[in-house]
Amino acid sequence: MSCNHTHSKSPACVTHSIWNSDLLSAVACGALLVAALIAPRCGASASSVLAILLASCVAGGWHVTIRSLEQLGRFHFDVDLLMLVAAIGAGFIGRFEESAILLLLFSLGHGLEGLATNRARNAIRTLGTLTPKVARVVRDGRELEVPVEDLAVGDLVRVMAGERIAVDGEIREGVSAVDQSPITGESVPVVKEIGADVFAGTVNGDGLLLVATTKLASQTTMARMVTLVEESHANKGRTQRLTERFTRIYTPIVLVSVPAIIVVLVSFFDMSFSDAFLRAMAVLVGASPCALVISTPSAVLAGVAQAARSGVLIKGGMHLESLGIVRAIAFDKTGTVTLGRPDVTDVVAAEGFNERDVIAIALALDQFSSHPLAQAVVRKARRDGVVAREIAEVRALPGRGVEGMIDGKLALVAGPRSFVGSGGVVIPPVMRSHIEHLQNQARTVSVITHGEHLVGVIAMADQVRPHIAALFVRLKSLGIRHLVMLTGDNAAVATAVAAPLGIDEVKAGLLPEQKIEAVHELMKRWGVVAMVGDGVNDAPALASATVGIAMGATGTDVALEAADIALMADDLSKLPFAVGLSRRARRTITQNVALSLGVVGVLIPCALFGFVELNWAVVLHEGSTVVVAFNALRLLLYKESA
C-alpha cells in the first residue's frame, strides 16, 4: 500500500510549470462540483445535476483510475486504489457529492505534493541545463558551431569572455578567471592558465580561451554529477528501508480489517450497510500511510539536490542519513589537511648575505628542476620578485642536491648531512642551531653555499590548508566528538602539523592497510565514522569507513566512483555544510515520520468511532502528505550557519 508519488511522469518529463495532470484534474473536478451544487438553484433537473456530478467524478478520477490499473497489473496495492474504491463505493450507495469531493481533495493533494517533489527534482536537473548545447570548434583554422554531443576527444573549443564552457578540457591558449560554482560551490572565480583543467557548465571570465576536449559530452563531470544525483534515490537510507518493511506488514492488516469493520458495525451495532461502508472507507483512508511512505525519500531528494547545487555530491539516502549521525571523522594528512606540496617557510641568511641573495642563488640552481622542493623555491622567488643569478654547468647530484658555476665559483644546494665531514664549507655553530630548530619543527632544510662561503639555509614544509583550524571548530560545534589525523609520515611531522589545529588524535607511520585498521578501530569506539581523503590513494580507507568522503573530485574520476560523498572542490570548506545539511535532513525525516504516524494514529480511531467522516479523513490524510512534502522542500533553502 505504498504511495505512487512519481505517478506517470518520468523524470525527464518534469518541467518548471506549476501545472501537472493531478492539479488539472482537481480544477476540472472542482469546477464541475460547484456547477452541480448551484444547478438546482437555477432550475436544473435532478438528472442534469446527476450528470454534472458524474462528470465531476470522471474529471477528478480518470488519472487515479489509470494509475490504479497500472499498479494492479503489477499486483501492487497502493493508496490510489484505496481512494478509487472509496469513491466508487460512495457513488454506489448514491453519495455522489461525497464521491466527487473525495476525488477533488485527493487530486488536489497529489497535485500539490507532486509540485513540491518536482521542484526538488528541477533543482537537480537545472544543473544539467547549465552546459551549452553547442560549442565553437576550431578546425583547419576555421570556427564551426558543433553540437556538444558530436565533439571528440582532442577537439579544440574556443570560449569567449563571459561564455559558459561547453566541455571538460585542458586550456591550450589564454588565461582567465573561471567561475566554477556550478560544480564546486566556490564563490570566488579561480584563475586558470595554460595546462589547467576546466569543466563543462562553468563560466569563463574576461579572457579568451582555447580548450582541448578531454571528455565526451556524456562523460563530463557535470553530466556524471547529474546522473549520480538522479540515481541516488536507489541507495535507500535506513529509515526508508524500515518504512518500506513496515508498510509491507501493515498493508495486508489494513486490507483485512476494513471488511471486518463493515461486518462488525452492521452485525453488532445495528448500523446500515451504507453508513458502515462509509465509516470503513474513512478508516481505510485514514490508515493509508501515504505521508509516511514519502517522508524519507522527499527529504533525501531535497537534501541531495541542495548539496549538489553547493558542490557536494551525496550518492544516496543511506549516506545522507549516515553523515547526519557521524560522531568521529578521520582525515588523511597529505593533500587533505595539508595542501600536499611543500612551501618555503623560513629563509635564514648567513653573515654577509641577505635573504634575497639566498633565494637568488637557490633559484639559479633549482629553476630547471621538477623536484617539489625546487618548485617551492621557484614559487617563493616568483612571489618575492627575485631574479635568478647567472649560472653555468648545472649538474644534479643524486641523493644530495644540485651544483653549478656562478661567477666562476661552485654553488651548491644540498641537505645538511652533505656538509658533515665533507671537508668543504663548514656550517658554523649558530647556523647549526638554526637548522636543528627548524628540523625539530618538522621542516625540510636546504643549505646554500657559494665558493667557500655559506650563503644561508631555506626551510620548507607542506603547508596546512588555510582556515582549517576554524573549520575543525565548526565541525565540533555541529556535534562531531572526535577528530583524527591518519598519515604515513613520521610522528614528529604529524604532531607538528596537528598540534595547533585542535585535532584530538594522531596516528602516524601508517601503511595503507594500517589506515584501514585504524578506521575499523575508530568504528569500534565511536560507531559511525567518516573518512576524508583525496579519493585515490586513500580509496581503501574511504571504503572501510561508514561514510567515505573524497575531496577534489573534479580532478579525479576515482573519487566520483569510490566515495560515498564527494566534495567537488579541492578544499574542505564544504565539509561543515555537508555535515550540517545531513543533520538537518535527519531532523526533517524524523519530523515527517512523527507527523505521518501521528496523523494515522489519530485518524484511525476517530474514523472508526465516527468522529471523522470520509471527507474530513481525506482532507487530513492529503493535508499531512502535502505538509510532509513541503517540510522536506525546506531543505532546498538550507545554508550553513555562520
# chains A, B, ... in the order shown; residues from 1 in each chain; ligands from 1
>>> residues_around(residues="Glu640 of chain A", least_positions_apart="5", cutoff="9 Å", atoms="only C-alpha atoms", output="ChimeraX atom specification")
/A:576-578,580-581
>>> write_last_selection(atoms="N, CA and C atoms", output="PDB file, in the first residue's frame")
ATOM      1  N   PRO A 576      31.751  21.160   6.640  1.00  0.00           N
ATOM      2  CA  PRO A 576      30.753  21.532   7.657  1.00  0.00           C
ATOM      3  C   PRO A 576      29.358  21.724   7.070  1.00  0.00           C
ATOM      4  N   PHE A 577      29.287  22.276   5.849  1.00  0.00           N
ATOM      5  CA  PHE A 577      27.983  22.416   5.182  1.00  0.00           C
ATOM      6  C   PHE A 577      27.336  21.046   4.994  1.00  0.00           C
ATOM      7  N   ALA A 578      28.125  20.066   4.512  1.00  0.00           N
ATOM      8  CA  ALA A 578      27.580  18.728   4.266  1.00  0.00           C
ATOM      9  C   ALA A 578      27.114  18.083   5.564  1.00  0.00           C
ATOM     10  N   GLY A 580      26.231  19.659   8.383  1.00  0.00           N
ATOM     11  CA  GLY A 580      25.059  20.390   8.858  1.00  0.00           C
ATOM     12  C   GLY A 580      23.802  20.051   8.075  1.00  0.00           C
ATOM     13  N   LEU A 581      23.935  19.955   6.742  1.00  0.00           N
ATOM     14  CA  LEU A 581      22.791  19.596   5.898  1.00  0.00           C
ATOM     15  C   LEU A 581      22.295  18.192   6.238  1.00  0.00           C
TER      16      LEU A 581
END
>>> residues_around(residues="segment 168-175 of chain A", least_positions_apart="5", cutoff="8 Å", atoms="only C-alpha atoms", output="list in words")
Val191, Lys192, Glu193, Ile194, Gly195, Ala196, Asp197, Val198, Phe199, Ala200, Gly207, Leu208, Leu209, Leu210, Val211, Ala212, Thr213, Thr214, Lys215, Leu216, Thr220 and Thr221 of chain A
>>> closest_atom_pairs(of="segment 251-364 of chain A", to="segment 522-528 of chain A", cutoff="7 Å", atoms="only C-alpha atoms", output="JSON lines")
{"residue": "A:Ile325", "atom": "CA", "partner": "A:Val528", "partner_atom": "CA", "distance": 6.8}
{"residue": "A:Val326", "atom": "CA", "partner": "A:Val528", "partner_atom": "CA", "distance": 4.9}
{"residue": "A:Arg327", "atom": "CA", "partner": "A:Val528", "partner_atom": "CA", "distance": 6.1}
{"residue": "A:Ala328", "atom": "CA", "partner": "A:Trp526", "partner_atom": "CA", "distance": 6.4}
>>> atom_distance(atom1="atom CA of Ala585 of chain A", atom2="atom CA of Glu321 of chain A")
7.4 Å
>>> residues_around(residues="segment 619-627 of chain A", least_positions_apart="3", cutoff="6 Å", atoms="only C-alpha atoms", output="PyMOL selection string")
chain A and resi 109+113+291+616+630-631
>>> write_last_selection(atoms="N, CA and C atoms", output="PDB file, in the first residue's frame")
ATOM      1  N   GLY A 109      -4.510  17.143  -3.450  1.00  0.00           N
ATOM      2  CA  GLY A 109      -3.390  16.779  -2.586  1.00  0.00           C
ATOM      3  C   GLY A 109      -2.236  16.196  -3.371  1.00  0.00           C
ATOM      4  N   GLU A 113       1.471  17.875  -3.798  1.00  0.00           N
ATOM      5  CA  GLU A 113       2.622  17.044  -3.413  1.00  0.00           C
ATOM      6  C   GLU A 113       3.574  16.863  -4.593  1.00  0.00           C
ATOM      7  N   ALA A 291       1.677   9.655   3.684  1.00  0.00           N
ATOM      8  CA  ALA A 291       2.678  10.629   4.124  1.00  0.00           C
ATOM      9  C   ALA A 291       3.918   9.934   4.668  1.00  0.00           C
ATOM     10  N   TRP A 616     -13.568  14.436   5.671  1.00  0.00           N
ATOM     11  CA  TRP A 616     -12.547  15.014   6.547  1.00  0.00           C
ATOM     12  C   TRP A 616     -11.340  14.090   6.681  1.00  0.00           C
ATOM     13  N   PHE A 630       6.214  19.563   1.684  1.00  0.00           N
ATOM     14  CA  PHE A 630       6.733  20.924   1.735  1.00  0.00           C
ATOM     15  C   PHE A 630       7.723  21.108   2.897  1.00  0.00           C
ATOM     16  N   ASN A 631       7.579  20.332   3.947  1.00  0.00           N
ATOM     17  CA  ASN A 631       8.586  20.365   5.014  1.00  0.00           C
ATOM     18  C   ASN A 631       9.934  19.876   4.482  1.00  0.00           C
TER      19      ASN A 631
END
>>> closest_residue(among="A:Arg309, A:Lys409, A:His110, A:Arg443", to="Lys574 of chain A", atoms="only C-alpha atoms")
A:Arg309
>>> closest_residue(among="A:Gly94, A:Gly286, A:Gly111, A:Gly303", to="Glu613 of chain A", atoms="only C-alpha atoms")
A:Gly286
>>> residues_around(residues="Ser25 of chain A", least_positions_apart="5", cutoff="10 Å", atoms="only C-alpha atoms", output="list in words")
Asn20, Gly30, Ala31, Ser56, Cys57, Val58, Ala59, Gly60, Gly61, Trp62, His63, Val64, Leu103, Leu104, Phe106, Ser107, Leu108 and Gly111 of chain A
>>> write_last_selection(atoms="C-alpha atoms", output="JSON list (two decimals), in the first residue's frame")
[["chain", "number", "residue", "atom", "x", "y", "z"],
["A", 20, "ASN", "CA", 0.51, 18.76, -13.62],
["A", 30, "GLY", "CA", -13.92, 21.35, -8.59],
["A", 31, "ALA", "CA", -15.47, 23.49, -11.30],
["A", 56, "SER", "CA", -17.07, 15.85, -11.89],
["A", 57, "CYS", "CA", -16.21, 12.35, -10.64],
["A", 58, "VAL", "CA", -14.80, 11.40, -14.05],
["A", 59, "ALA", "CA", -12.71, 14.58, -14.22],
["A", 60, "GLY", "CA", -11.29, 14.00, -10.75],
["A", 61, "GLY", "CA", -10.94, 10.24, -11.05],
["A", 62, "TRP", "CA", -9.63, 9.46, -14.55],
["A", 63, "HIS", "CA", -5.99, 9.92, -13.57],
["A", 64, "VAL", "CA", -6.24, 7.94, -10.35],
["A", 103, "LEU", "CA", -11.72, 12.74, -5.72],
["A", 104, "LEU", "CA", -11.32, 16.53, -5.75],
["A", 106, "PHE", "CA", -7.28, 13.53, -3.47],
["A", 107, "SER", "CA", -6.31, 15.01, -6.86],
["A", 108, "LEU", "CA", -5.56, 18.38, -5.28],
["A", 111, "GLY", "CA", -1.05, 17.73, -7.35]]
>>> closest_residue(among="A:Ile391, A:Ala550, A:Cys29, A:Leu438", to="Asp538 of chain A", atoms="only C-alpha atoms")
A:Ala550
>>> select_by_dssp(residues="segment 319-536 of chain A", states="alpha helix (DSSP H)", output="VMD selection string")
chain A and resid 319 to 323 355 to 366 372 to 384 429 to 440 468 to 477 491 to 498 512 to 526
>>> decode(residues="segment 516-537 of chain A", atoms="N, CA and C atoms", output="mmCIF file, in the first residue's frame")
data_model
loop_
_atom_site.group_PDB
_atom_site.id
_atom_site.type_symbol
_atom_site.label_atom_id
_atom_site.label_comp_id
_atom_site.auth_asym_id
_atom_site.auth_seq_id
_atom_site.Cartn_x
_atom_site.Cartn_y
_atom_site.Cartn_z
ATOM 1 N N ILE A 516 43.286 1.274 7.170
ATOM 2 C CA ILE A 516 42.023 0.538 7.251
ATOM 3 C C ILE A 516 41.800 0.044 8.680
ATOM 4 N N GLU A 517 42.854 -0.513 9.279
ATOM 5 C CA GLU A 517 42.750 -0.995 10.657
ATOM 6 C C GLU A 517 42.423 0.153 11.609
ATOM 7 N N ALA A 518 43.026 1.322 11.358
ATOM 8 C CA ALA A 518 42.758 2.485 12.209
ATOM 9 C C ALA A 518 41.298 2.912 12.107
ATOM 10 N N VAL A 519 40.750 2.881 10.899
ATOM 11 C CA VAL A 519 39.343 3.236 10.706
ATOM 12 C C VAL A 519 38.440 2.240 11.429
ATOM 13 N N HIS A 520 38.749 0.938 11.318
ATOM 14 C CA HIS A 520 37.940 -0.081 12.000
ATOM 15 C C HIS A 520 37.986 0.105 13.518
ATOM 16 N N GLU A 521 39.158 0.462 14.035
ATOM 17 C CA GLU A 521 39.286 0.680 15.474
ATOM 18 C C GLU A 521 38.445 1.873 15.918
ATOM 19 N N LEU A 522 38.429 2.927 15.091
ATOM 20 C CA LEU A 522 37.603 4.102 15.397
ATOM 21 C C LEU A 522 36.116 3.744 15.382
ATOM 22 N N MET A 523 35.719 2.886 14.460
ATOM 23 C CA MET A 523 34.307 2.485 14.374
ATOM 24 C C MET A 523 33.891 1.679 15.610
ATOM 25 N N LYS A 524 34.819 0.904 16.178
ATOM 26 C CA LYS A 524 34.508 0.167 17.402
ATOM 27 C C LYS A 524 34.281 1.127 18.567
ATOM 28 N N ARG A 525 35.045 2.225 18.576
ATOM 29 C CA ARG A 525 34.949 3.183 19.681
ATOM 30 C C ARG A 525 33.804 4.170 19.512
ATOM 31 N N TRP A 526 33.571 4.611 18.267
ATOM 32 C CA TRP A 526 32.640 5.722 18.049
ATOM 33 C C TRP A 526 31.406 5.341 17.236
ATOM 34 N N GLY A 527 31.368 4.131 16.709
ATOM 35 C CA GLY A 527 30.192 3.709 15.945
ATOM 36 C C GLY A 527 30.231 4.184 14.510
ATOM 37 N N VAL A 528 29.665 5.354 14.239
ATOM 38 C CA VAL A 528 29.566 5.886 12.878
ATOM 39 C C VAL A 528 30.737 6.836 12.634
ATOM 40 N N VAL A 529 31.594 6.483 11.671
ATOM 41 C CA VAL A 529 32.831 7.221 11.415
ATOM 42 C C VAL A 529 32.918 7.596 9.941
ATOM 43 N N ALA A 530 33.332 8.830 9.668
ATOM 44 C CA ALA A 530 33.593 9.276 8.294
ATOM 45 C C ALA A 530 35.102 9.344 8.083
ATOM 46 N N MET A 531 35.525 9.073 6.859
ATOM 47 C CA MET A 531 36.935 9.187 6.477
ATOM 48 C C MET A 531 37.030 10.157 5.316
ATOM 49 N N VAL A 532 37.934 11.132 5.425
ATOM 50 C CA VAL A 532 38.105 12.137 4.387
ATOM 51 C C VAL A 532 39.487 11.977 3.766
ATOM 52 N N GLY A 533 39.532 11.858 2.438
ATOM 53 C CA GLY A 533 40.800 11.725 1.734
ATOM 54 C C GLY A 533 40.688 12.251 0.327
ATOM 55 N N ASP A 534 41.753 12.024 -0.465
ATOM 56 C CA ASP A 534 41.748 12.587 -1.820
ATOM 57 C C ASP A 534 41.095 11.673 -2.842
ATOM 58 N N GLY A 535 40.624 10.509 -2.415
ATOM 59 C CA GLY A 535 39.853 9.663 -3.312
ATOM 60 C C GLY A 535 40.661 8.743 -4.188
ATOM 61 N N VAL A 536 41.988 8.797 -4.131
ATOM 62 C CA VAL A 536 42.820 7.921 -4.965
ATOM 63 C C VAL A 536 43.602 6.983 -4.059
ATOM 64 N N ASN A 537 44.677 7.501 -3.433
ATOM 65 C CA ASN A 537 45.482 6.619 -2.591
ATOM 66 C C ASN A 537 44.796 6.295 -1.269
#
